[in-house]
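J.: Please find one structure pasted underneath; my questions will follow.
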Amino acid sequence: MKISSRLYIIVILISLSACGTAQPQPKDEVFELVTVDKKTAIIYDATGPALDSISAHLLAQDIERVTGFKPKVTTRITEISGNVIVIGNNDSQLISNLVKDQKRLSAENRWETYSHRLLINPVANVEKALIISGADARGTAYGVFSISQKIGVSPWYWWADVTPTPQENLVLAIEDFQSVSPAVQFRGIFINDEDWGLQPWAAKTFEPGTGDIGPKTYARVFELLLRLRANTIWPAMHPSTKAFFHYPGNVQLAKDYEIVLGSSHAEPMLRNNVDEWDHDSMGDFNYFSNKKRVLKYWEERIQEAKDVNGIYTIGMRGVHDSGMEGAKTTADAAAILNDVIKDQRDLLQKHIGDPKKVPQVFTVYKEVLDLYEYGLDLPEDITLMWTDDNYGYIRQLSNAEERKRSGGSGVYYHASYWGRPHDYLWLSTTHPALIREELLKAYDTGADKIWILNVGDIKPAEYNTQFFMDLAFEPEKFRKPNSYQKHMQYFYGSIFGENLALGISELRHAYYELAWLRKPEFMGWSQTEPTRATHLTEFSLSAEYDEITARIEKNESLQKKVYTIHNNIPKHLTDAWFELVVYPVLGSSAMNKKFLYRDLATHYSKIDNQKSEKFKNAIRANYEKIEQLTSTYNSLAAGKWKGIMDFKPRRLPVFELPEILDNESKSTEAPKLALVRNAADYTRVTNFEAGYPQQLNGLGYTQQIIQFAASDASRINTITDSTPVLSYNIELSEDLKNAELTLMALPNHPITGTQQLQIGVQLNDNAIKLLDFKTTGRSEDWKQNVLRNQARKSVTLGGLKSGNHLIKIYRLDPGVLLDYFILAEKDTKLPYTLPQTH
């Protein structure tokens, strides 16, 4: 449509990213922000919170980013006329003067909600007023930033250089809209292991005046959180970074931006022990021997933070990520922990008020889970913070009794990790399908109080952060197993255009699929803590199962797709394209090929020197490719990101140029497999509840694993005729002398502390055998499981004649997520990847 020969962009307010249900008027109205004849102004409540002013000015900047025109921002309605955007709390005088039916707005006065309304001639001199009113300060801000997104300003406009497409004129189609409250109350990020990216970048490039992650950096972080509809921060806390409270500006910013301040599992009472506990002057961080000094340390922080909107971590561990000092036994630690918690709550009572009204979390992380299960007198108003195993699989969730706790529960989840069996600090490769499955499982078992994502340095975890926050806000939108694919397509389409959305999302999906089998940081087959040298991969080089060549080809295919799509990326989005897609995809590809070619060079070093030299050159080329990509990243946006990307975090062996291993060799002998069968390829389903078994897309080596039951289902202790069972008719072409059935599943954990990960397996009419995929602690089984992202369990079936047989798999524990199974002679070395179905 053309008016005065100028193109109008009509942006509909209700879209996939909008939250809540629209209440349409008989006829939609339009609101002109910027046209030839009209220029909007912005007014906010002068008596409102600081965040009203912050969001009003940010909206003005967003409009300027799109149109080149910056609206006037004021608190005086007498200073403006024409079209006006009005920002304030539902109950403010400003909104009351304009909206007469306040009763309806007050009825919607729920946690972090907002409404949009368009009023015609509400007062003299105002033609149209777009009312953005919130139930609270963050609700108002979410309402403001939803307008920013509708005009084309991404939450990642600054952090990923998603430059908006310029528009000469801007008009919104408005209908009354009321948002819903977020499903998870507190949603945020943990900046962690920042030594290699965020901290040096902030100190040297972005905030050299502070020389650290300080107020200037946190202002950008807090703005991002609000644009993502998040509200909570666990600040950076490594030795390279000063404590959050070290810089008074940080604390004031958290207040101004209405960000909820928390701290990690190792930092009780908002303290940063690494930076703030001075052993020389304070002694041991030991509650057994130094209780008085430790209590004083905590009390000083509570007095300092009593006006901060905070969530207090309760309990005690070591100074950093370590067990409690002074405890010789689990009984010792559990007993003293009860005293610690009581004393901490007494301090809250003394300085803040009723501890039942002060948000607190008890994070059940690592050895703390053992203490919790041993027995603690934990007040029920304290939120249980469940954690994953650092590799994306939640260790435990609330059982039926724990779900009754008034404090509820939450989840601390990793998209980045430093530790054993191996770090993954470089690229963000946790599959969105896994995030969806694990977090929905948590939500369905009552974990809706707080969700925290460990994002490392924030970059390059942009997409996983967006996905996590959207999932936390409205988990019901992600019920369908393929919902994550639609979300990915929408995310990239909203940035690079709908015409490229499918191609980019398919490219990124393939990137996650390859990383599922082996993260790029794990391709050296090395481990950490202690650090060990790299080895040849476990990918096969046999003629029948040439997993090395197949993986090289898949990576090269991704590279070609990157270069093809690159030609269609708008020029103003090339930096965003590099940061969000090019660097992670090409970096991962080069890391994979670096070690796959090392395998080939090693293999041919003894049989074909010319080929070996060719592959040696390919090793170096891919190493240098990662160097070049990283150099490009750090020079993007005129040097804005100098120092943000380090492709050798912790300087681990996997990141170095690999050498040929003369003492190792690759076998080319193909294993003989009698049968390979996807779990989803069953013959019959018997006795399952409605909706189950459910096929979950994107998970496992088959990308279509089978979920036996709902997350909150009970364990079946005894197999009877009514037990749910999957049946598989199979046909063997040859006899097996001593058959072994190996079942592959996700390497997850029992859903609650009262469950296991058992299934029953039966061949024909033989006795049922039980298999349990559960692992304990940091056992060797668990380490191998998380490195290959798969659990394997085998059962011996004895001699089998050729011909037809029946395999039955019985559902016992609800948490088992079955992928596929292989039948072969006992002790056959199975391929690493999924073999082609025979």
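Chain lettering (A, B, ...) mirrors the order of the structure tokens, residue numbering begins at 1 for each chain separately, and ligand numbering begins at 1 in order of display.
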If we count only C-alpha atoms, what is near A:Ile87 at a cut-off of 8 Å, once residues fewer than 5 positions away on the same chain are taken out, given as JSON, numbers by chain?

T.: {"A": [42, 43, 44, 45, 52, 56, 95, 131, 132, 133, 140, 144]}

J.: Go ahead and save the residues from that selection, with N, CA, C and O atoms, as a PDB file, in the first residue's frame.

T.:
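Now in selection10.pdb:
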ATOM      1  N   ILE A  42       7.041   9.961  23.522  1.00  0.00           N
ATOM      2  CA  ILE A  42       6.942   8.948  24.583  1.00  0.00           C
ATOM      3  C   ILE A  42       6.851   9.651  25.925  1.00  0.00           C
ATOM      4  O   ILE A  42       7.655  10.543  26.225  1.00  0.00           O
ATOM      5  N   ILE A  43       5.884   9.258  26.722  1.00  0.00           N
ATOM      6  CA  ILE A  43       5.741   9.800  28.065  1.00  0.00           C
ATOM      7  C   ILE A  43       5.743   8.649  29.062  1.00  0.00           C
ATOM      8  O   ILE A  43       5.142   7.595  28.804  1.00  0.00           O
ATOM      9  N   TYR A  44       6.418   8.838  30.176  1.00  0.00           N
ATOM     10  CA  TYR A  44       6.434   7.819  31.217  1.00  0.00           C
ATOM     11  C   TYR A  44       6.136   8.469  32.556  1.00  0.00           C
ATOM     12  O   TYR A  44       6.187   9.701  32.713  1.00  0.00           O
ATOM     13  N   ASP A  45       5.806   7.652  33.524  1.00  0.00           N
ATOM     14  CA  ASP A  45       5.378   8.120  34.838  1.00  0.00           C
ATOM     15  C   ASP A  45       6.566   8.684  35.623  1.00  0.00           C
ATOM     16  O   ASP A  45       7.514   7.960  35.931  1.00  0.00           O
ATOM     17  N   ASP A  52      11.018   2.443  34.356  1.00  0.00           N
ATOM     18  CA  ASP A  52      10.111   3.098  33.411  1.00  0.00           C
ATOM     19  C   ASP A  52      10.881   4.085  32.537  1.00  0.00           C
ATOM     20  O   ASP A  52      10.695   4.144  31.322  1.00  0.00           O
ATOM     21  N   ALA A  56      11.676   3.591  28.550  1.00  0.00           N
ATOM     22  CA  ALA A  56      11.162   4.637  27.665  1.00  0.00           C
ATOM     23  C   ALA A  56      12.261   5.165  26.761  1.00  0.00           C
ATOM     24  O   ALA A  56      12.078   5.332  25.538  1.00  0.00           O
ATOM     25  N   ILE A  95      -1.476   6.568  34.172  1.00  0.00           N
ATOM     26  CA  ILE A  95      -2.373   5.643  33.466  1.00  0.00           C
ATOM     27  C   ILE A  95      -3.825   5.888  33.879  1.00  0.00           C
ATOM     28  O   ILE A  95      -4.737   5.865  33.039  1.00  0.00           O
ATOM     29  N   ILE A 131      -1.136   2.805  25.046  1.00  0.00           N
ATOM     30  CA  ILE A 131      -0.910   2.614  26.478  1.00  0.00           C
ATOM     31  C   ILE A 131      -0.163   1.300  26.693  1.00  0.00           C
ATOM     32  O   ILE A 131      -0.630   0.231  26.294  1.00  0.00           O
ATOM     33  N   ILE A 132       0.996   1.398  27.325  1.00  0.00           N
ATOM     34  CA  ILE A 132       1.746   0.203  27.733  1.00  0.00           C
ATOM     35  C   ILE A 132       1.781   0.234  29.254  1.00  0.00           C
ATOM     36  O   ILE A 132       2.521   1.027  29.849  1.00  0.00           O
ATOM     37  N   SER A 133       0.962  -0.592  29.873  1.00  0.00           N
ATOM     38  CA  SER A 133       0.862  -0.563  31.334  1.00  0.00           C
ATOM     39  C   SER A 133       1.169  -1.936  31.905  1.00  0.00           C
ATOM     40  O   SER A 133       0.744  -2.955  31.360  1.00  0.00           O
ATOM     41  N   THR A 140       5.898  -3.827  32.857  1.00  0.00           N
ATOM     42  CA  THR A 140       5.885  -2.663  31.986  1.00  0.00           C
ATOM     43  C   THR A 140       7.021  -2.736  30.975  1.00  0.00           C
ATOM     44  O   THR A 140       6.836  -2.482  29.782  1.00  0.00           O
ATOM     45  N   VAL A 144       7.045  -2.780  26.843  1.00  0.00           N
ATOM     46  CA  VAL A 144       7.780  -1.835  26.008  1.00  0.00           C
ATOM     47  C   VAL A 144       8.642  -2.584  24.990  1.00  0.00           C
ATOM     48  O   VAL A 144       8.623  -2.284  23.788  1.00  0.00           O
TER      49      VAL A 144
END

J.: Within 8 Å of stretch 531-539 of chain A, counting only C-alpha atoms, which residues show up once you throw out same-chain ones fewer than 3 positions away? Write them as a list in words, please.

T.: Met523, Gly524, Trp525, Ser526, Gln527, Thr528, Asp546, Glu547, Ile548, Phe595, Leu596, Arg598, Asp599, Leu652, Pro653, Val654, Pro658, Leu661, Glu664, Ser665, Lys666, Pro831, Tyr832 and Thr833 of chain A

J.: Please, could you write that set of residues out with N, CA, C and O atoms as an mmCIF file, in the first residue's frame?

T.:
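Done, and the output landed in result.cif:
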data_model
loop_
_atom_site.group_PDB
_atom_site.id
_atom_site.type_symbol
_atom_site.label_atom_id
_atom_site.label_comp_id
_atom_site.auth_asym_id
_atom_site.auth_seq_id
_atom_site.Cartn_x
_atom_site.Cartn_y
_atom_site.Cartn_z
ATOM 1 N N MET A 523 36.432 -34.057 20.643
ATOM 2 C CA MET A 523 36.921 -34.812 19.492
ATOM 3 C C MET A 523 38.349 -35.336 19.667
ATOM 4 O O MET A 523 38.791 -36.184 18.897
ATOM 5 N N GLY A 524 39.062 -34.857 20.644
ATOM 6 C CA GLY A 524 40.413 -35.360 20.866
ATOM 7 C C GLY A 524 40.461 -36.621 21.699
ATOM 8 O O GLY A 524 41.547 -37.176 21.919
ATOM 9 N N TRP A 525 39.307 -37.073 22.169
ATOM 10 C CA TRP A 525 39.236 -38.256 23.038
ATOM 11 C C TRP A 525 40.198 -38.109 24.228
ATOM 12 O O TRP A 525 40.801 -39.060 24.692
ATOM 13 N N SER A 526 40.303 -36.877 24.701
ATOM 14 C CA SER A 526 41.103 -36.588 25.888
ATOM 15 C C SER A 526 40.150 -36.296 27.039
ATOM 16 O O SER A 526 38.939 -36.213 26.843
ATOM 17 N N GLN A 527 40.696 -36.139 28.231
ATOM 18 C CA GLN A 527 39.884 -35.793 29.396
ATOM 19 C C GLN A 527 40.611 -34.751 30.230
ATOM 20 O O GLN A 527 41.784 -34.465 30.008
ATOM 21 N N THR A 528 39.878 -34.177 31.168
ATOM 22 C CA THR A 528 40.457 -33.172 32.050
ATOM 23 C C THR A 528 40.334 -33.615 33.506
ATOM 24 O O THR A 528 39.542 -34.488 33.843
ATOM 25 N N ASP A 546 32.472 -46.909 7.595
ATOM 26 C CA ASP A 546 33.490 -45.861 7.510
ATOM 27 C C ASP A 546 32.919 -44.582 8.125
ATOM 28 O O ASP A 546 32.459 -43.672 7.427
ATOM 29 N N GLU A 547 32.951 -44.540 9.438
ATOM 30 C CA GLU A 547 32.368 -43.414 10.161
ATOM 31 C C GLU A 547 33.204 -42.144 10.006
ATOM 32 O O GLU A 547 32.678 -41.031 10.085
ATOM 33 N N ILE A 548 34.496 -42.294 9.779
ATOM 34 C CA ILE A 548 35.371 -41.128 9.630
ATOM 35 C C ILE A 548 35.035 -40.366 8.360
ATOM 36 O O ILE A 548 34.785 -39.150 8.386
ATOM 37 N N PHE A 595 40.781 -33.615 13.780
ATOM 38 C CA PHE A 595 41.067 -34.914 14.393
ATOM 39 C C PHE A 595 40.713 -36.085 13.480
ATOM 40 O O PHE A 595 41.355 -37.136 13.548
ATOM 41 N N LEU A 596 39.726 -35.919 12.630
ATOM 42 C CA LEU A 596 39.399 -36.993 11.693
ATOM 43 C C LEU A 596 40.530 -37.182 10.688
ATOM 44 O O LEU A 596 40.898 -38.311 10.334
ATOM 45 N N ARG A 598 43.588 -36.413 11.363
ATOM 46 C CA ARG A 598 44.685 -36.981 12.144
ATOM 47 C C ARG A 598 44.569 -38.508 12.164
ATOM 48 O O ARG A 598 45.556 -39.223 12.066
ATOM 49 N N ASP A 599 43.330 -39.027 12.309
ATOM 50 C CA ASP A 599 43.109 -40.469 12.231
ATOM 51 C C ASP A 599 43.605 -41.029 10.893
ATOM 52 O O ASP A 599 44.304 -42.048 10.837
ATOM 53 N N LEU A 652 43.725 -26.438 26.675
ATOM 54 C CA LEU A 652 43.664 -27.896 26.738
ATOM 55 C C LEU A 652 44.237 -28.521 25.462
ATOM 56 O O LEU A 652 44.225 -27.901 24.392
ATOM 57 N N PRO A 653 44.713 -29.762 25.538
ATOM 58 C CA PRO A 653 45.329 -30.410 24.377
ATOM 59 C C PRO A 653 44.442 -30.456 23.143
ATOM 60 O O PRO A 653 44.943 -30.391 22.019
ATOM 61 N N VAL A 654 43.123 -30.556 23.339
ATOM 62 C CA VAL A 654 42.221 -30.696 22.206
ATOM 63 C C VAL A 654 42.286 -29.500 21.264
ATOM 64 O O VAL A 654 41.986 -29.614 20.073
ATOM 65 N N PRO A 658 47.218 -31.197 16.450
ATOM 66 C CA PRO A 658 47.503 -32.596 16.837
ATOM 67 C C PRO A 658 48.658 -33.193 16.057
ATOM 68 O O PRO A 658 48.899 -32.871 14.897
ATOM 69 N N LEU A 661 50.181 -40.037 15.705
ATOM 70 C CA LEU A 661 50.431 -40.951 16.828
ATOM 71 C C LEU A 661 50.956 -42.280 16.294
ATOM 72 O O LEU A 661 50.190 -43.151 15.872
ATOM 73 N N GLU A 664 49.676 -45.604 17.853
ATOM 74 C CA GLU A 664 48.262 -45.977 17.734
ATOM 75 C C GLU A 664 47.955 -46.331 16.286
ATOM 76 O O GLU A 664 48.648 -45.914 15.359
ATOM 77 N N SER A 665 46.900 -47.095 16.109
ATOM 78 C CA SER A 665 46.496 -47.464 14.749
ATOM 79 C C SER A 665 44.991 -47.651 14.700
ATOM 80 O O SER A 665 44.344 -47.883 15.718
ATOM 81 N N LYS A 666 44.450 -47.525 13.479
ATOM 82 C CA LYS A 666 43.016 -47.699 13.279
ATOM 83 C C LYS A 666 42.748 -49.082 12.693
ATOM 84 O O LYS A 666 43.409 -49.511 11.745
ATOM 85 N N PRO A 831 29.965 -50.378 16.407
ATOM 86 C CA PRO A 831 30.316 -49.076 15.826
ATOM 87 C C PRO A 831 29.973 -47.939 16.795
ATOM 88 O O PRO A 831 29.100 -48.071 17.642
ATOM 89 N N TYR A 832 30.687 -46.817 16.631
ATOM 90 C CA TYR A 832 30.406 -45.662 17.487
ATOM 91 C C TYR A 832 29.055 -45.054 17.133
ATOM 92 O O TYR A 832 28.250 -44.751 18.005
ATOM 93 N N THR A 833 28.800 -44.876 15.846
ATOM 94 C CA THR A 833 27.567 -44.236 15.398
ATOM 95 C C THR A 833 26.497 -45.282 15.122
ATOM 96 O O THR A 833 26.725 -46.486 15.238
#

J.: Can I get the residues of stretch 379-421 of chain A within 10 Å of stretch 778-794 of chain A, each with the closest pair of atoms and their distance in Å to one decimal, using only C-alpha atoms, sorted chain first then ascending number, as JSON lines?

T.:
{"residue": "A:Asp389", "atom": "CA", "partner": "A:Val786", "partner_atom": "CA", "distance": 9.1}
{"residue": "A:Asn390", "atom": "CA", "partner": "A:Val786", "partner_atom": "CA", "distance": 9.3}
{"residue": "A:Tyr391", "atom": "CA", "partner": "A:Val786", "partner_atom": "CA", "distance": 6.6}
{"residue": "A:Gly392", "atom": "CA", "partner": "A:Val786", "partner_atom": "CA", "distance": 8.9}
{"residue": "A:Tyr393", "atom": "CA", "partner": "A:Val786", "partner_atom": "CA", "distance": 9.0}
{"residue": "A:Arg420", "atom": "CA", "partner": "A:Lys783", "partner_atom": "CA", "distance": 7.9}
{"residue": "A:Pro421", "atom": "CA", "partner": "A:Lys783", "partner_atom": "CA", "distance": 5.8}

J.: Using only N, CA and C atoms, please write the residues we just selected to a file, as a compact mmCIF listing (two decimals), in the first residue's frame.

T.:
# COMPACT_ATOMS: atom_id res chain seq x y z
N ASP A 389 23.75 -32.65 35.38
CA ASP A 389 25.05 -33.27 35.69
C ASP A 389 26.20 -32.53 35.01
N ASN A 390 25.92 -31.29 34.61
CA ASN A 390 26.84 -30.39 33.90
C ASN A 390 26.85 -30.64 32.39
N TYR A 391 26.19 -31.71 31.97
CA TYR A 391 26.17 -32.05 30.55
C TYR A 391 24.74 -32.12 30.00
N GLY A 392 23.81 -31.48 30.69
CA GLY A 392 22.47 -31.34 30.16
C GLY A 392 21.44 -32.31 30.66
N TYR A 393 21.82 -33.23 31.57
CA TYR A 393 20.88 -34.23 32.07
C TYR A 393 20.65 -33.99 33.56
N ARG A 420 35.48 -32.09 34.70
CA ARG A 420 35.64 -33.45 34.18
C ARG A 420 34.28 -34.06 33.84
N PRO A 421 34.28 -34.95 32.84
CA PRO A 421 35.45 -35.52 32.16
C PRO A 421 36.07 -34.61 31.10

J.: Can you tell me, as an MDAnalysis selection string, which residues in stretch 422-515 of chain A count as helix (DSSP H, G or I) by DSSP?

T.: chainID A and resid 432:444 462:473 475:478 483:496 498:515

J.: Would you save the residues of that selection, restricted to C-alpha atoms, as a PDB file, in the first residue's frame?

T.:
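Result file follows (part_12.pdb):
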ATOM      1  CA  PRO A 432      17.613 -27.607  21.806  1.00  0.00           C
ATOM      2  CA  ALA A 433      15.670 -30.882  21.709  1.00  0.00           C
ATOM      3  CA  LEU A 434      17.484 -31.982  24.872  1.00  0.00           C
ATOM      4  CA  ILE A 435      16.903 -28.634  26.581  1.00  0.00           C
ATOM      5  CA  ARG A 436      13.215 -28.967  25.738  1.00  0.00           C
ATOM      6  CA  GLU A 437      12.933 -32.544  27.019  1.00  0.00           C
ATOM      7  CA  GLU A 438      14.833 -31.995  30.273  1.00  0.00           C
ATOM      8  CA  LEU A 439      13.241 -28.642  31.167  1.00  0.00           C
ATOM      9  CA  LEU A 440       9.700 -29.800  30.374  1.00  0.00           C
ATOM     10  CA  LYS A 441      10.402 -32.806  32.589  1.00  0.00           C
ATOM     11  CA  ALA A 442      11.428 -30.399  35.340  1.00  0.00           C
ATOM     12  CA  TYR A 443       8.381 -28.212  34.827  1.00  0.00           C
ATOM     13  CA  ASP A 444       6.042 -31.205  34.891  1.00  0.00           C
ATOM     14  CA  GLU A 462      22.881 -16.673  21.989  1.00  0.00           C
ATOM     15  CA  TYR A 463      20.375 -19.107  20.515  1.00  0.00           C
ATOM     16  CA  ASN A 464      20.357 -21.524  23.439  1.00  0.00           C
ATOM     17  CA  THR A 465      19.851 -18.583  25.800  1.00  0.00           C
ATOM     18  CA  GLN A 466      16.900 -17.335  23.737  1.00  0.00           C
ATOM     19  CA  PHE A 467      15.391 -20.818  23.586  1.00  0.00           C
ATOM     20  CA  PHE A 468      15.819 -21.393  27.324  1.00  0.00           C
ATOM     21  CA  MET A 469      14.131 -18.092  28.231  1.00  0.00           C
ATOM     22  CA  ASP A 470      11.224 -18.591  25.838  1.00  0.00           C
ATOM     23  CA  LEU A 471      10.734 -22.097  27.202  1.00  0.00           C
ATOM     24  CA  ALA A 472      10.793 -20.789  30.777  1.00  0.00           C
ATOM     25  CA  PHE A 473       8.214 -18.123  29.994  1.00  0.00           C
ATOM     26  CA  PRO A 475       6.557 -24.035  28.388  1.00  0.00           C
ATOM     27  CA  GLU A 476       3.124 -25.092  27.145  1.00  0.00           C
ATOM     28  CA  LYS A 477       4.042 -23.712  23.719  1.00  0.00           C
ATOM     29  CA  PHE A 478       6.728 -26.401  23.471  1.00  0.00           C
ATOM     30  CA  SER A 483       8.328 -27.307  18.607  1.00  0.00           C
ATOM     31  CA  TYR A 484      12.020 -26.574  19.023  1.00  0.00           C
ATOM     32  CA  GLN A 485      12.470 -26.782  15.243  1.00  0.00           C
ATOM     33  CA  LYS A 486       9.690 -24.256  14.684  1.00  0.00           C
ATOM     34  CA  HIS A 487      11.222 -22.004  17.332  1.00  0.00           C
ATOM     35  CA  MET A 488      14.616 -22.193  15.636  1.00  0.00           C
ATOM     36  CA  GLN A 489      13.076 -21.374  12.282  1.00  0.00           C
ATOM     37  CA  TYR A 490      11.204 -18.408  13.751  1.00  0.00           C
ATOM     38  CA  PHE A 491      14.329 -17.129  15.517  1.00  0.00           C
ATOM     39  CA  TYR A 492      16.525 -17.111  12.412  1.00  0.00           C
ATOM     40  CA  GLY A 493      13.672 -15.921  10.198  1.00  0.00           C
ATOM     41  CA  SER A 494      13.036 -12.940  12.461  1.00  0.00           C
ATOM     42  CA  ILE A 495      16.687 -11.933  12.034  1.00  0.00           C
ATOM     43  CA  PHE A 496      17.678 -12.883   8.493  1.00  0.00           C
ATOM     44  CA  GLU A 498      11.606 -15.591   6.268  1.00  0.00           C
ATOM     45  CA  ASN A 499      13.068 -16.608   2.918  1.00  0.00           C
ATOM     46  CA  LEU A 500      16.230 -17.842   4.683  1.00  0.00           C
ATOM     47  CA  ALA A 501      14.607 -19.162   7.866  1.00  0.00           C
ATOM     48  CA  LEU A 502      14.241 -22.791   6.818  1.00  0.00           C
ATOM     49  CA  GLY A 503      17.701 -23.099   5.278  1.00  0.00           C
ATOM     50  CA  ILE A 504      19.480 -21.569   8.276  1.00  0.00           C
ATOM     51  CA  SER A 505      17.491 -23.549  10.839  1.00  0.00           C
ATOM     52  CA  GLU A 506      18.211 -26.799   8.960  1.00  0.00           C
ATOM     53  CA  LEU A 507      21.887 -25.868   8.910  1.00  0.00           C
ATOM     54  CA  ARG A 508      21.921 -25.197  12.641  1.00  0.00           C
ATOM     55  CA  HIS A 509      19.944 -28.362  13.316  1.00  0.00           C
ATOM     56  CA  ALA A 510      22.550 -30.422  11.463  1.00  0.00           C
ATOM     57  CA  TYR A 511      25.244 -28.694  13.544  1.00  0.00           C
ATOM     58  CA  TYR A 512      23.510 -29.807  16.758  1.00  0.00           C
ATOM     59  CA  GLU A 513      23.057 -33.342  15.396  1.00  0.00           C
ATOM     60  CA  LEU A 514      26.780 -33.749  14.734  1.00  0.00           C
ATOM     61  CA  ALA A 515      27.611 -32.359  18.161  1.00  0.00           C
TER      62      ALA A 515
END

J.: Compare A:Val184, A:Ile311, A:Ala739, A:Leu33 by their minimum atom-to-atom distance to A:Asp448, counting only C-alpha atoms, and give me the closest one.

T.: A:Val184

J.: Enumerate the residues of stretch 333-557 of chain A with a DSSP assignment of strand (DSSP E or B), computed from the backbone, and present them as a list in words.

T.: Gln360, Val361, Phe362, Thr363, Val364, Thr383, Leu384, Met385, Trp386, Thr387, Asp388, Ile394, Ser409, Gly410, Val411, Tyr412, Tyr413, His414, Tyr417, Tyr424, Ile450, Trp451, Ile452, Leu453, Asn454, Val455, Gly456, Leu541 and Asp546 of chain A

J.: If you count only C-alpha atoms, which residues fall within 8 Å of stretch 289-297 of chain A, apart from same-chain ones fewer than 4 positions away, as a VMD selection string?

T.: chain A and resid 282 to 285 301 326 343 to 344

J.: Nearest to A:Ser540: which of A:Ala767, A:Leu224, A:Ala670, A:Leu198 is it, counting only C-alpha atoms?

T.: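 Using only C-alpha atoms, the shortest distance to A:Ser540 belongs to A:Ala670.
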
J.: List the neighbours of stretch 334-341 of chain A out to 8 Å using only C-alpha atoms; skip same-chain residues closer than 4 positions along the sequence, and give me the result as a compact mmCIF listing (two decimals) with N, CA, C and O atoms, in the first residue's frame.

T.:
# COMPACT_ATOMS: atom_id res chain seq x y z
N TYR A 287 33.09 -23.91 59.06
CA TYR A 287 32.06 -23.63 60.07
C TYR A 287 32.30 -24.41 61.36
O TYR A 287 31.77 -24.06 62.40
N PHE A 288 33.07 -25.45 61.28
CA PHE A 288 33.40 -26.22 62.48
C PHE A 288 34.34 -25.43 63.38
O PHE A 288 34.18 -25.40 64.60
N ILE A 314 21.25 -20.65 50.25
CA ILE A 314 21.35 -21.15 51.62
C ILE A 314 22.26 -22.39 51.63
O ILE A 314 22.30 -23.16 50.68
N GLY A 315 22.97 -22.58 52.75
CA GLY A 315 23.84 -23.74 52.87
C GLY A 315 25.29 -23.32 52.82
O GLY A 315 25.63 -22.14 52.97
N MET A 316 26.16 -24.28 52.60
CA MET A 316 27.59 -23.98 52.59
C MET A 316 28.36 -25.07 51.87
O MET A 316 28.11 -26.26 52.08
N THR A 330 29.91 -37.79 55.79
CA THR A 330 28.63 -37.24 55.35
C THR A 330 27.78 -36.85 56.53
O THR A 330 27.09 -35.81 56.52
N ARG A 345 19.21 -18.21 58.39
CA ARG A 345 17.84 -17.70 58.45
C ARG A 345 17.65 -16.75 59.64
O ARG A 345 16.86 -15.79 59.56
N LEU A 371 24.27 -35.10 50.72
CA LEU A 371 23.90 -34.56 52.03
C LEU A 371 22.39 -34.43 52.15
O LEU A 371 21.81 -34.73 53.20
N TYR A 372 21.76 -33.98 51.09
CA TYR A 372 20.30 -33.82 51.11
C TYR A 372 19.62 -35.17 51.30
O TYR A 372 18.68 -35.31 52.10
N TYR A 374 20.93 -37.79 52.63
CA TYR A 374 21.27 -38.32 53.95
C TYR A 374 20.26 -37.86 54.99
O TYR A 374 19.89 -38.60 55.89
N GLY A 375 19.81 -36.62 54.83
CA GLY A 375 18.80 -36.11 55.74
C GLY A 375 19.13 -34.73 56.27
O GLY A 375 20.10 -34.56 57.00
N LEU A 376 18.33 -33.74 55.87
CA LEU A 376 18.49 -32.38 56.35
C LEU A 376 17.16 -31.86 56.86
O LEU A 376 16.09 -32.24 56.37
N ASP A 377 17.23 -30.99 57.86
CA ASP A 377 16.03 -30.34 58.37
C ASP A 377 15.82 -29.05 57.59
O ASP A 377 16.09 -27.95 58.06
N LEU A 378 15.39 -29.19 56.35
CA LEU A 378 15.31 -28.06 55.43
C LEU A 378 13.91 -27.44 55.48
O LEU A 378 12.92 -28.09 55.11

J.: Let me make sure I understand: among A:Pro215, A:Gly249, A:Gly446, A:Pro460, which one has the smallest atom-to-atom distance to A:Asn399 if we use only C-alpha atoms?

T.: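 Among the listed residues, the smallest separation from A:Asn399 belongs to A:Gly446.
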
J.: Would you please work out which residue, of A:Tyr365, A:Tyr623, A:Phe190, A:Phe773, is nearest to A:Pro747 when using only C-alpha atoms?

T.: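 The answer is A:Phe773, which sits nearest to A:Pro747.
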
J.: Residues near stretch 155-170 of chain A, anyone? I mean within 10 Å using only C-alpha atoms, not counting same-chain ones fewer than 6 positions away, as number ranges by chain.

T.: A: 6-11, 31-36, 38-39, 62-69, 145-146, 148-149, 220-221, 223-229, 458-460, 462-463, 466, 495-496, 570-580, 636-637, 640-641

J.: Taking only C-alpha atoms into account, name the residue in A:Phe177, A:Tyr728, A:Phe647, A:Phe222 that is nearest to A:Asp681.

T.: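 Distance minimum relative to A:Asp681 lands on A:Tyr728.
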
J.: Could you check the closest approach to A:Arg271 for each of A:Asp307, A:Glu299, A:Asp457, A:Glu613 and tell me which residue wins, using only C-alpha atoms?

T.: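 Closest to A:Arg271, using only C-alpha atoms: A:Glu299.
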